[in-house]
Every structure is written in structure tokens, then in C-alpha cells.
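Asks: Quick one, upload27.tsv (TSV, C-alpha atoms and all ligand atoms):
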chain	number	residue	atom	x	y	z
A	1	MET	CA	8.38	10.81	-32.40
A	2	SER	CA	5.77	12.28	-30.08
A	3	ARG	CA	6.83	12.99	-26.52
A	4	PRO	CA	5.39	10.84	-23.73
A	5	SER	CA	2.76	12.49	-21.61
A	6	VAL	CA	2.71	12.16	-17.84
A	7	ALA	CA	-0.18	13.40	-15.72
A	8	ILE	CA	0.56	14.64	-12.20
A	9	ALA	CA	-2.00	15.30	-9.49
A	10	SER	CA	-1.38	16.75	-6.04
A	11	LEU	CA	-3.24	15.60	-2.93
A	12	GLY	CA	-1.37	17.63	-0.28
A	13	GLY	CA	1.24	16.39	2.23
A	14	THR	CA	4.61	17.75	3.31
A	15	ILE	CA	5.73	18.08	-0.31
A	16	SER	CA	3.15	20.88	-0.60
A	17	MET	CA	3.38	22.42	2.89
A	18	THR	CA	4.47	25.97	3.69
A	19	PRO	CA	4.50	27.80	7.05
A	20	SER	CA	1.33	29.31	8.45
A	21	ALA	CA	1.66	31.55	11.49
A	22	ALA	CA	-2.03	31.09	12.25
A	23	ALA	CA	-1.75	27.28	12.25
A	24	GLY	CA	1.50	27.24	14.20
A	25	GLY	CA	3.29	25.05	11.65
A	26	VAL	CA	3.32	24.05	8.01
A	27	VAL	CA	0.06	23.27	6.20
A	28	PRO	CA	-0.69	22.04	2.65
A	29	LYS	CA	-0.54	25.01	0.30
A	30	LEU	CA	1.25	24.34	-3.01
A	31	ASP	CA	-0.55	22.62	-5.85
A	32	ALA	CA	0.68	20.31	-8.59
A	33	ALA	CA	1.56	23.14	-11.00
A	34	GLN	CA	3.70	24.83	-8.32
A	35	LEU	CA	5.43	21.53	-7.50
A	36	VAL	CA	6.20	21.02	-11.19
A	37	ALA	CA	7.54	24.56	-11.49
A	38	ALA	CA	10.06	23.78	-8.73
A	39	VAL	CA	11.68	21.01	-10.82
A	40	PRO	CA	13.88	22.58	-13.50
A	41	GLY	CA	13.76	20.73	-16.81
A	42	LEU	CA	10.78	18.54	-15.99
A	43	GLY	CA	8.85	19.88	-18.97
A	44	GLU	CA	11.69	18.90	-21.29
A	45	LEU	CA	11.35	15.23	-20.35
A	46	ALA	CA	7.68	14.78	-21.16
A	47	ASP	CA	4.41	16.59	-21.79
A	48	ILE	CA	3.41	17.26	-18.21
A	49	SER	CA	-0.10	18.04	-17.07
A	50	ALA	CA	-0.55	19.10	-13.46
A	51	GLU	CA	-3.81	19.23	-11.52
A	52	PRO	CA	-4.70	19.72	-7.87
A	53	ILE	CA	-7.15	17.08	-6.63
A	54	PHE	CA	-6.99	17.58	-2.86
A	55	GLN	CA	-5.05	19.77	-0.45
A	56	LEU	CA	-4.94	17.50	2.60
A	57	PRO	CA	-2.59	16.11	5.20
A	58	SER	CA	-2.47	12.43	4.26
A	59	ALA	CA	-3.97	11.36	7.60
A	60	SER	CA	-7.25	12.74	6.30
A	61	LEU	CA	-7.32	10.82	3.03
A	62	GLY	CA	-9.70	7.86	2.90
A	63	PRO	CA	-11.43	5.46	0.51
A	64	GLU	CA	-13.67	8.18	-0.90
A	65	GLN	CA	-10.73	10.40	-1.91
A	66	LEU	CA	-8.70	7.44	-3.18
A	67	LEU	CA	-11.52	6.21	-5.40
A	68	ALA	CA	-11.70	9.73	-6.84
A	69	CYS	CA	-7.93	9.57	-7.52
A	70	LEU	CA	-8.38	6.18	-9.16
A	71	ALA	CA	-11.06	7.58	-11.47
A	72	TRP	CA	-8.81	10.57	-12.29
A	73	ALA	CA	-5.83	8.29	-13.08
A	74	GLU	CA	-7.96	5.97	-15.22
A	75	GLY	CA	-9.22	8.95	-17.16
A	76	LYS	CA	-5.64	10.09	-17.80
A	77	VAL	CA	-4.41	6.74	-19.14
A	78	ALA	CA	-7.58	6.43	-21.25
A	79	GLY	CA	-6.62	9.85	-22.66
A	80	GLY	CA	-3.15	8.61	-23.63
A	81	ALA	CA	-0.93	9.32	-20.61
A	82	ARG	CA	2.08	7.01	-20.50
A	83	GLY	CA	2.01	7.11	-16.72
A	84	VAL	CA	0.45	9.01	-13.83
A	85	VAL	CA	1.95	10.46	-10.66
A	86	LEU	CA	0.21	11.33	-7.41
A	87	THR	CA	1.95	13.56	-4.86
A	88	GLN	CA	0.74	13.13	-1.29
A	89	GLY	CA	1.73	13.02	2.36
A	90	THR	CA	4.10	10.24	3.29
A	91	ASP	CA	2.30	9.29	6.52
A	92	THR	CA	-0.20	7.05	4.74
A	93	ILE	CA	1.59	6.15	1.48
A	94	GLU	CA	2.03	2.52	2.59
A	95	GLU	CA	-1.77	2.28	2.79
A	96	THR	CA	-2.86	4.48	-0.13
A	97	ALA	CA	-0.45	2.70	-2.50
A	98	PHE	CA	-1.81	-0.70	-1.49
A	99	PHE	CA	-5.41	0.51	-1.72
A	100	LEU	CA	-4.91	1.84	-5.26
A	101	ASP	CA	-2.92	-1.25	-6.26
A	102	LEU	CA	-5.91	-3.43	-5.36
A	103	TYR	CA	-7.84	-1.78	-8.19
A	104	TRP	CA	-5.24	-0.59	-10.74
A	105	ARG	CA	-5.91	-2.74	-13.80
A	106	HIS	CA	-3.76	-0.85	-16.33
A	107	PRO	CA	-0.25	-1.61	-17.58
A	108	GLU	CA	0.61	2.10	-17.30
A	109	PRO	CA	2.47	2.86	-14.08
A	110	LEU	CA	0.69	4.70	-11.28
A	111	ILE	CA	3.42	6.31	-9.17
A	112	ILE	CA	3.05	7.82	-5.71
A	113	THR	CA	5.63	10.18	-4.27
A	114	GLY	CA	5.93	12.83	-1.57
A	115	ALA	CA	8.58	14.46	0.58
A	116	MET	CA	9.94	14.24	4.08
A	117	ARG	CA	11.17	17.84	4.07
A	118	THR	CA	8.99	20.84	3.35
A	119	PRO	CA	9.61	22.84	0.14
A	120	LEU	CA	11.32	25.68	2.05
A	121	ALA	CA	13.60	23.43	4.13
A	122	ALA	CA	17.30	23.18	3.30
A	123	GLY	CA	17.75	20.07	1.18
A	124	ALA	CA	14.04	19.78	0.36
A	125	ASP	CA	13.55	16.34	-1.19
A	126	GLY	CA	10.24	17.01	-2.95
A	127	PRO	CA	11.63	18.23	-6.31
A	128	ALA	CA	14.06	15.29	-6.61
A	129	ASN	CA	11.31	12.83	-5.70
A	130	LEU	CA	8.92	14.34	-8.24
A	131	LEU	CA	11.57	14.23	-10.95
A	132	ALA	CA	12.34	10.56	-10.17
A	133	ALA	CA	8.62	9.74	-10.09
A	134	VAL	CA	8.16	11.19	-13.60
A	135	GLN	CA	11.26	9.34	-14.86
A	136	VAL	CA	9.78	6.09	-13.54
A	137	ALA	CA	6.29	6.88	-14.85
A	138	MET	CA	7.47	7.46	-18.43
A	139	ASP	CA	9.74	4.40	-18.69
A	140	ASP	CA	8.49	1.28	-20.50
A	141	GLN	CA	10.24	-0.91	-17.93
A	142	SER	CA	7.73	0.34	-15.36
A	143	ARG	CA	4.73	-1.08	-17.24
A	144	GLY	CA	2.75	-3.95	-15.72
A	145	ARG	CA	4.04	-3.34	-12.20
A	146	GLY	CA	0.90	-1.77	-10.72
A	147	VAL	CA	1.25	1.02	-8.20
A	148	LEU	CA	4.82	1.98	-7.28
A	149	VAL	CA	6.16	4.30	-4.59
A	150	VAL	CA	9.18	6.36	-5.62
A	151	MET	CA	11.07	8.09	-2.82
A	152	ASN	CA	14.76	8.87	-2.37
A	153	ASP	CA	15.58	7.36	-5.79
A	154	THR	CA	14.21	3.99	-4.68
A	155	ILE	CA	11.21	2.22	-6.21
A	156	HIS	CA	8.91	0.15	-3.99
A	157	ARG	CA	5.96	-2.10	-4.79
A	158	ALA	CA	2.70	-1.21	-3.05
A	159	ARG	CA	2.43	-4.76	-1.71
A	160	TRP	CA	5.57	-4.46	0.44
A	161	VAL	CA	6.32	-0.80	1.10
A	162	CYS	CA	6.31	0.49	4.69
A	163	LYS	CA	7.20	3.81	6.30
A	164	SER	CA	9.92	2.95	8.79
A	165	ASP	CA	11.04	6.28	10.25
A	166	SER	CA	9.03	9.31	11.39
A	167	LEU	CA	11.30	12.03	10.02
A	168	SER	CA	14.25	10.62	8.10
A	169	VAL	CA	14.46	11.15	4.34
A	170	GLN	CA	15.33	7.46	4.07
A	171	THR	CA	12.07	6.23	5.57
A	172	PHE	CA	10.52	3.90	2.97
A	173	VAL	CA	11.53	0.25	3.07
A	174	SER	CA	10.15	-3.02	1.72
A	175	PRO	CA	11.11	-5.37	4.57
A	176	ASP	CA	10.18	-8.71	3.01
A	177	GLY	CA	10.11	-8.36	-0.76
A	178	GLY	CA	12.87	-5.76	-0.96
A	179	PRO	CA	12.67	-2.68	-3.19
A	180	ALA	CA	11.58	-3.18	-6.80
A	181	GLY	CA	14.42	-1.09	-8.16
A	182	ARG	CA	16.41	2.13	-8.04
A	183	VAL	CA	16.55	5.26	-10.13
A	184	VAL	CA	20.08	5.50	-11.51
A	185	GLU	CA	21.18	8.55	-13.49
A	186	GLY	CA	17.58	9.41	-14.22
A	187	GLN	CA	16.44	5.97	-15.29
A	188	PRO	CA	14.63	3.23	-13.38
A	189	GLU	CA	16.54	-0.04	-13.04
A	190	TYR	CA	14.51	-2.99	-11.76
A	191	PHE	CA	15.88	-5.93	-9.81
A	192	HIS	CA	13.14	-8.34	-11.02
A	193	PRO	CA	10.67	-8.61	-13.89
A	194	PRO	CA	7.03	-7.64	-13.17
A	195	VAL	CA	4.90	-10.32	-11.49
A	196	ASP	CA	1.18	-11.02	-11.78
A	197	ARG	CA	-0.83	-9.13	-9.19
A	198	PRO	CA	-4.26	-10.16	-7.89
A	199	LEU	CA	-6.95	-7.50	-8.35
A	200	ALA	CA	-10.03	-6.71	-6.28
A	201	SER	CA	-13.48	-6.29	-7.78
A	202	PRO	CA	-14.73	-2.71	-7.73
A	203	PRO	CA	-16.70	-1.68	-4.65
A	204	THR	CA	-20.45	-2.07	-4.90
A	205	ARG	CA	-21.15	-0.45	-1.54
A	206	ARG	CA	-19.64	2.01	0.92
A	207	PHE	CA	-16.28	0.94	2.33
A	208	PRO	CA	-16.85	-0.87	5.64
A	209	LYS	CA	-15.08	-0.13	8.89
A	210	VAL	CA	-12.40	-2.76	9.60
A	211	ALA	CA	-10.62	-2.62	12.96
A	212	VAL	CA	-6.96	-3.38	13.65
A	213	VAL	CA	-6.57	-4.50	17.26
A	214	PRO	CA	-3.06	-5.17	18.56
A	215	ALA	CA	-2.13	-8.05	20.83
A	216	LEU	CA	-0.47	-6.40	23.84
A	217	LEU	CA	1.24	-7.73	26.91
A	218	GLY	CA	-1.29	-8.30	29.70
A	219	ASP	CA	-4.27	-7.38	27.49
A	220	ASP	CA	-6.96	-9.77	26.22
A	221	GLY	CA	-8.17	-7.73	23.28
A	222	ASP	CA	-11.50	-6.56	24.71
A	223	LEU	CA	-11.32	-3.73	22.16
A	224	ALA	CA	-11.93	-6.30	19.43
A	225	VAL	CA	-15.26	-7.17	21.06
A	226	ALA	CA	-16.14	-3.49	21.51
A	227	ALA	CA	-15.38	-2.91	17.81
A	228	LEU	CA	-18.45	-4.93	16.79
A	229	ASP	CA	-20.71	-2.64	18.84
A	230	LEU	CA	-19.11	0.32	17.06
A	231	GLY	CA	-20.14	-1.04	13.65
A	232	TYR	CA	-16.86	-2.61	12.53
A	233	GLU	CA	-17.54	-5.41	10.05
A	234	ALA	CA	-14.23	-7.28	10.25
A	235	ILE	CA	-11.21	-7.42	12.54
A	236	VAL	CA	-7.50	-7.70	11.94
A	237	VAL	CA	-5.52	-8.78	14.97
A	238	ALA	CA	-1.96	-7.42	14.89
A	239	ALA	CA	-0.74	-10.47	16.73
A	240	PHE	CA	2.52	-11.24	18.51
A	241	GLY	CA	5.33	-12.89	16.52
A	242	ALA	CA	4.17	-15.44	14.00
A	243	GLY	CA	0.47	-14.97	14.86
A	244	HIS	CA	-0.06	-15.39	18.60
A	245	VAL	CA	-2.39	-13.93	21.25
A	246	SER	CA	-3.14	-14.54	24.95
A	247	PHE	CA	-5.54	-17.26	26.19
A	248	GLY	CA	-8.25	-14.64	26.81
A	249	PHE	CA	-7.80	-13.03	23.38
A	250	ALA	CA	-8.00	-16.50	21.76
A	251	ALA	CA	-11.43	-17.03	23.34
A	252	HIS	CA	-12.55	-13.65	21.90
A	253	VAL	CA	-11.22	-14.63	18.47
A	254	GLU	CA	-13.32	-17.79	18.54
A	255	ARG	CA	-16.51	-15.91	19.45
A	256	LEU	CA	-15.86	-13.07	16.99
A	257	SER	CA	-15.03	-15.38	14.08
A	258	LYS	CA	-18.56	-16.75	14.25
A	259	VAL	CA	-19.89	-13.26	13.48
A	260	VAL	CA	-17.33	-11.40	11.31
A	261	PRO	CA	-14.12	-12.24	9.41
A	262	VAL	CA	-11.12	-12.17	11.77
A	263	VAL	CA	-7.61	-12.07	10.30
A	264	ILE	CA	-4.44	-12.75	12.27
A	265	ALA	CA	-1.42	-10.77	11.01
A	266	SER	CA	1.97	-10.24	12.61
A	267	ARG	CA	2.60	-6.98	14.46
A	268	THR	CA	6.38	-7.37	13.95
A	269	GLY	CA	6.33	-5.58	10.58
A	270	ALA	CA	8.19	-8.30	8.71
A	271	GLY	CA	7.93	-12.03	8.11
A	272	ALA	CA	4.91	-14.27	7.54
A	273	THR	CA	2.49	-15.72	10.07
A	274	ALA	CA	3.20	-19.39	10.74
A	275	SER	CA	0.52	-21.99	10.05
A	276	ARG	CA	1.73	-25.30	11.51
A	277	THR	CA	4.44	-24.62	14.07
A	278	TYR	CA	2.93	-23.63	17.43
A	279	GLY	CA	0.08	-25.52	19.08
A	280	PHE	CA	-0.49	-23.69	22.39
A	281	SER	CA	-3.78	-21.96	23.18
A	282	GLY	CA	-3.61	-18.63	21.30
A	283	SER	CA	-1.09	-19.92	18.75
A	284	GLU	CA	-1.57	-19.70	14.99
A	285	VAL	CA	-2.70	-23.35	14.81
A	286	ASP	CA	-5.20	-22.79	17.61
A	287	LEU	CA	-6.53	-19.50	16.17
A	288	ALA	CA	-7.05	-21.04	12.73
A	289	ARG	CA	-8.99	-23.88	14.40
A	290	ARG	CA	-11.11	-21.26	16.14
A	291	GLY	CA	-12.11	-19.81	12.76
A	292	ALA	CA	-9.58	-17.00	12.14
A	293	LEU	CA	-7.73	-16.49	8.85
A	294	LEU	CA	-3.94	-16.22	8.86
A	295	SER	CA	-2.65	-13.26	6.85
A	296	LYS	CA	0.62	-14.99	5.92
A	297	TRP	CA	2.83	-12.24	4.38
A	298	LEU	CA	0.32	-9.42	4.58
A	299	HIS	CA	1.07	-6.60	7.03
A	300	PRO	CA	-1.86	-5.75	9.39
A	301	LEU	CA	-2.43	-2.34	7.74
A	302	LYS	CA	-2.62	-3.91	4.29
A	303	ALA	CA	-4.71	-6.86	5.53
A	304	ARG	CA	-7.21	-4.32	6.85
A	305	LEU	CA	-7.54	-2.61	3.46
A	306	LEU	CA	-7.86	-5.92	1.63
A	307	LEU	CA	-10.61	-7.13	3.98
A	308	GLY	CA	-12.40	-3.82	3.45
A	309	ALA	CA	-12.12	-4.16	-0.33
A	310	LEU	CA	-13.44	-7.74	-0.29
A	311	LEU	CA	-16.42	-6.72	1.83
A	312	ALA	CA	-17.02	-3.59	-0.25
A	313	ALA	CA	-17.18	-5.80	-3.36
A	314	GLY	CA	-19.87	-7.92	-1.69
A	315	THR	CA	-17.67	-11.04	-1.42
A	316	PRO	CA	-19.71	-13.75	0.31
A	317	ARG	CA	-18.29	-14.72	3.70
A	318	GLU	CA	-17.44	-18.28	2.56
A	319	GLN	CA	-15.32	-16.93	-0.32
A	320	ILE	CA	-13.25	-14.55	1.81
A	321	PRO	CA	-10.57	-17.11	2.83
A	322	ASP	CA	-9.70	-18.01	-0.78
A	323	ALA	CA	-9.92	-14.42	-1.99
A	324	PHE	CA	-7.74	-13.20	0.89
A	325	ALA	CA	-5.14	-15.94	0.36
A	326	LYS	CA	-4.33	-14.62	-3.14
A	327	TRP	CA	-2.59	-11.63	-1.52
A	328	GLY	CA	-1.21	-13.31	1.58
A	329	THR	CA	0.62	-16.13	-0.17
A	330	LEU	CA	3.42	-15.78	-2.71
A	331	PRO	CA	3.11	-17.30	-6.19
A	332	ARG	CA	5.15	-20.45	-6.72
A	333	HIS	CA	7.40	-20.14	-9.77
A	334	SER	CA	8.23	-22.97	-12.14
A	335	PRO	CA	11.94	-23.84	-12.20
A	336	ILE	CA	13.94	-22.00	-14.86
A	337	GLN	CA	15.88	-24.20	-17.28
A	338	GLN	CA	19.53	-23.16	-17.34
A	339	GLN	CA	20.85	-22.54	-20.85
A	340	PRO	CA	24.50	-23.43	-21.41
A	341	VAL	CA	26.65	-20.44	-22.39
A	342	PRO	CA	27.67	-20.98	-26.05
B	1	LIG	N1	4.57	14.02	7.44
B	1	LIG	C1	3.68	13.89	6.38
B	1	LIG	C2	4.37	13.94	5.02
B	1	LIG	O1	5.50	13.51	4.96
B	1	LIG	C3	2.43	14.69	6.44
B	1	LIG	C4	1.38	13.97	5.63
B	1	LIG	O2	1.43	12.75	5.51
B	1	LIG	O3	0.49	14.64	5.12
B	1	LIG	O4	3.86	14.38	4.04
Just give me the structure as C-alpha cells.
Ligand code: ASP
Replies:
Amino acid sequence: MSRPSVAIASLGGTISMTPSAAAGGVVPKLDAAQLVAAVPGLGELADISAEPIFQLPSASLGPEQLLACLAWAEGKVAGGARGVVLTQGTDTIEETAFFLDLYWRHPEPLIITGAMRTPLAAGADGPANLLAAVQVAMDDQSRGRGVLVVMNDTIHRARWVCKSDSLSVQTFVSPDGGPAGRVVEGQPEYFHPPVDRPLASPPTRRFPKVAVVPALLGDDGDLAVAALDLGYEAIVVAAFGAGHVSFGFAAHVERLSKVVPVVIASRTGAGATASRTYGFSGSEVDLARRGALLSKWLHPLKARLLLGALLAAGTPREQIPDAFAKWGTLPRHSPIQQQPVP
């Protein structure tokens, strides 16, 4: 039987960073081949190919680089790879994973991993994370699950994953959906079967600028108005609680919604926006009446990327609410018939 092939590409991040006296700290240095070389036995698991794509801190990745990664990964699965792995900085994984998941149409798993500790630190986590990522990428159970984040032997879906801690090795969490699975003794074990994922149409134009403006105590969101002058084409409000803003911010939302799509998401980091609970001025009911969309389960950072993708695909304004709702709402499952135990 032929061995599975797994393609790995490095984009930079802490997993690749070594000290530079000139820079005054660590900077991206190691490439995919060097990361692979630091994992004993990796080559015995699968046919591994390793390529550097970028050498960046993840704060400086953007749509242009991610679309290049997407094209690279598609080329690898077309060439027979059983799965692909990207190594990158952890600071933006919650966004890059969601961005790539919007477009990843293949059953083969696309895995993203990184490290919280640099390669020279005691207890560096990069090699273990890369090993687990390859183990997940080559396993048939990982097929049909879209883009997955593998860190600290835990598997997260792009839709839910968030970075929750600035420096801890245990930083990635999936607050609402929970993790997809764990890596146990070198094998992925999933808590649930794969679910259907909505997909975005490919971009037909440059990715637009979409602003995220937080609701803040004693602030009426004037930045949201200024964003239009700066060329932003849509606005996500990271609103209080279940989707609430001040009276003044609500008036801005009404004016802005006449010009650009405005999405209300919760700044709390977990839970859905409400839709029919609160009726005060600036509440979710009021903001929807004023023309805003409610993000439901979608985190503000992910809502921003989805709005950008819909606009980049040329989605007409009147179709944005329905298109957006496919990601914000959860699919309703038909009841399962219980089978008696024989
Ligand atoms: N602290 C980051 C990391 O964990 C740096 C980055 O995102 O590039 O990789």
C-alpha cells in the first residue's frame, strides 16, 4: 500500500522564530524543512513535502497571502496529497482559519498549526504541534471537516476557534461549539461527525476594507462614521452583550445602514446575539429595525471576514442578509430515531 502524502508549508510565526540581536527579540527564521527536521520520525508516518511560502509574523498576513496559500493547498490536493498543513503565527489563526474555511471546497483536511513557545525555548511546543497536525491531516476521519486548527493535541473547527490567552500554551478554545476532537496516542478522535459547511464564492475583486467598531462605555461609535470616509465598505459593531449599543450609536447605525452593510455581533466572545428579547433604543430589536444585520453566533472578527468575502464575491446588497445568515445560524437537525438494543 502506498504511503499517504502530506504537504506542509511554513508562513512564519513563533514556531519558526529564533533570536536576533539586531531586532532585539525573536524573528521568523526557520522554514518548513527545518521545522520538519525537528520532529523525529515524521518522515516515517507519511511522505512529507515541505515548502516555505512566507516568513512573516502572522499580524502581517492578509487576504492576498491567504489566497496564495489557498492556491498552494489546492494544488497539493490536486496532486494527490491526503492532507495539507500550514504552520503560522498563532496571533491570527482564529482569523486565517476562518478565512480559508470560507473557500476550502475539498474533502481533504487543511490543518493550521503553530507554537506558543519558540523553537529554542525549554518545552518548545512546535514539534509536538506539527506532529499532531500531520497525524490529523493524514487520517480519514478528518475528511469533510474543512479547515481545522490543531494545537496542544486539541482539534478546533475554524468556525469556532478563538485565541484566549496571550502567552499560555493552552490558548486555543472553541467557546460555543466546543473542540472538534483530541489527538490521543497519535490519532485524532472526533466528538461529532462532520457537518455541512457553507462556502463563499471566490473573490472577483480586491478584498474590501471592513471595520470592526466596538461599543464602549460612554462612547457613541463616531469611529464607525469616520470609517466610511476612510474607504471602509461595511461595518461590524462589536456590541455589548446580546447586541446592544448606546442611544447615540443606534442613531449612527440607522444612518450607516442606509449606505453600507452593518452587522451587530457580540463583543463578549461567546454566545449568540438575541433577536427578540430587548426592545430599548439601541437593543437588538431596535438595531434590526434600523437596518442592521444580527450576526447571531458569529464572532465579530469572523463576521468581518465573512462580510469582506461576500463583498469581494460581488454579492448584491439585497442578498447579503440571506448569505450572511448561513454562517450565523446553526443548522437544525432532524430527530434521530432510537434503535432498540437487540
Ligand atoms: N505570538 C505569535 C505566535 O504565536 C507571533 C505570530 O503570530 O506571528 O506565533
Asks: Taking 5 positions as the minimum chain separation for residues in the same chain, which residues sit within 8 Å of A:Leu294 when counting only C-alpha atoms? Answer as number ranges by chain.
Replies: A: 243, 263-265, 273, 275, 284, 288
Asks: List all protein, DNA and RNA residues that have any atom at most 7 Å from ligand LIG 1 (chain B), counting only C-alpha atoms and all ligand atoms, and write the list as a list in words.
Replies: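 Selection of residues at most 7 Å from ligand LIG 1 (chain B): Gly12, Gly13, Thr14, Ile15, Leu56, Pro57, Ser58, Ala59, Gln88, Gly89, Thr90, Asp91, Thr92, Gly114, Ala115 and Met116 of chain A.
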Asks: Considering all atoms listed in the file, state which residue in the set A:Leu130, A:Pro202, A:Glu94, A:Ser2 is at the smallest distance from A:Ala32.
Replies: A:Leu130
Asks: Name the closest residue to A:Lys209 among the candidates A:Thr18, A:Leu307, A:Val225, A:Leu86; distances are taken between atoms, counting all atoms listed in the file.
Replies: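 Closest to A:Lys209 of all the choices is A:Leu307.
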Asks: Choose the residue, out of A:Asp322, A:Asp140, A:Glu254, A:Asp196, that has the smallest atom-to-atom separation from A:Leu287; count only C-alpha atoms.
Replies: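 Once distances to A:Leu287 are computed over only C-alpha atoms, the minimum belongs to A:Glu254.
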Asks: Which neighbours of A:Leu67 fall inside 10 Å, counting all atoms listed in the file, when residues of the same chain fewer than 4 positions from it are skipped, and could you give them as a list in words?
Replies: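 Near neighbours after the sequence-gap exclusion: Gly62, Pro63, Ala71, Trp72, Ala73, Phe99, Leu100, Tyr103, Pro202 and Pro203 of chain A.
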Asks: My list of candidates is A:Arg117, A:Lys76, A:Lys326, A:Arg267. Which is closest to A:Leu306 when distances are computed with all atoms listed in the file?
Replies: A:Lys326
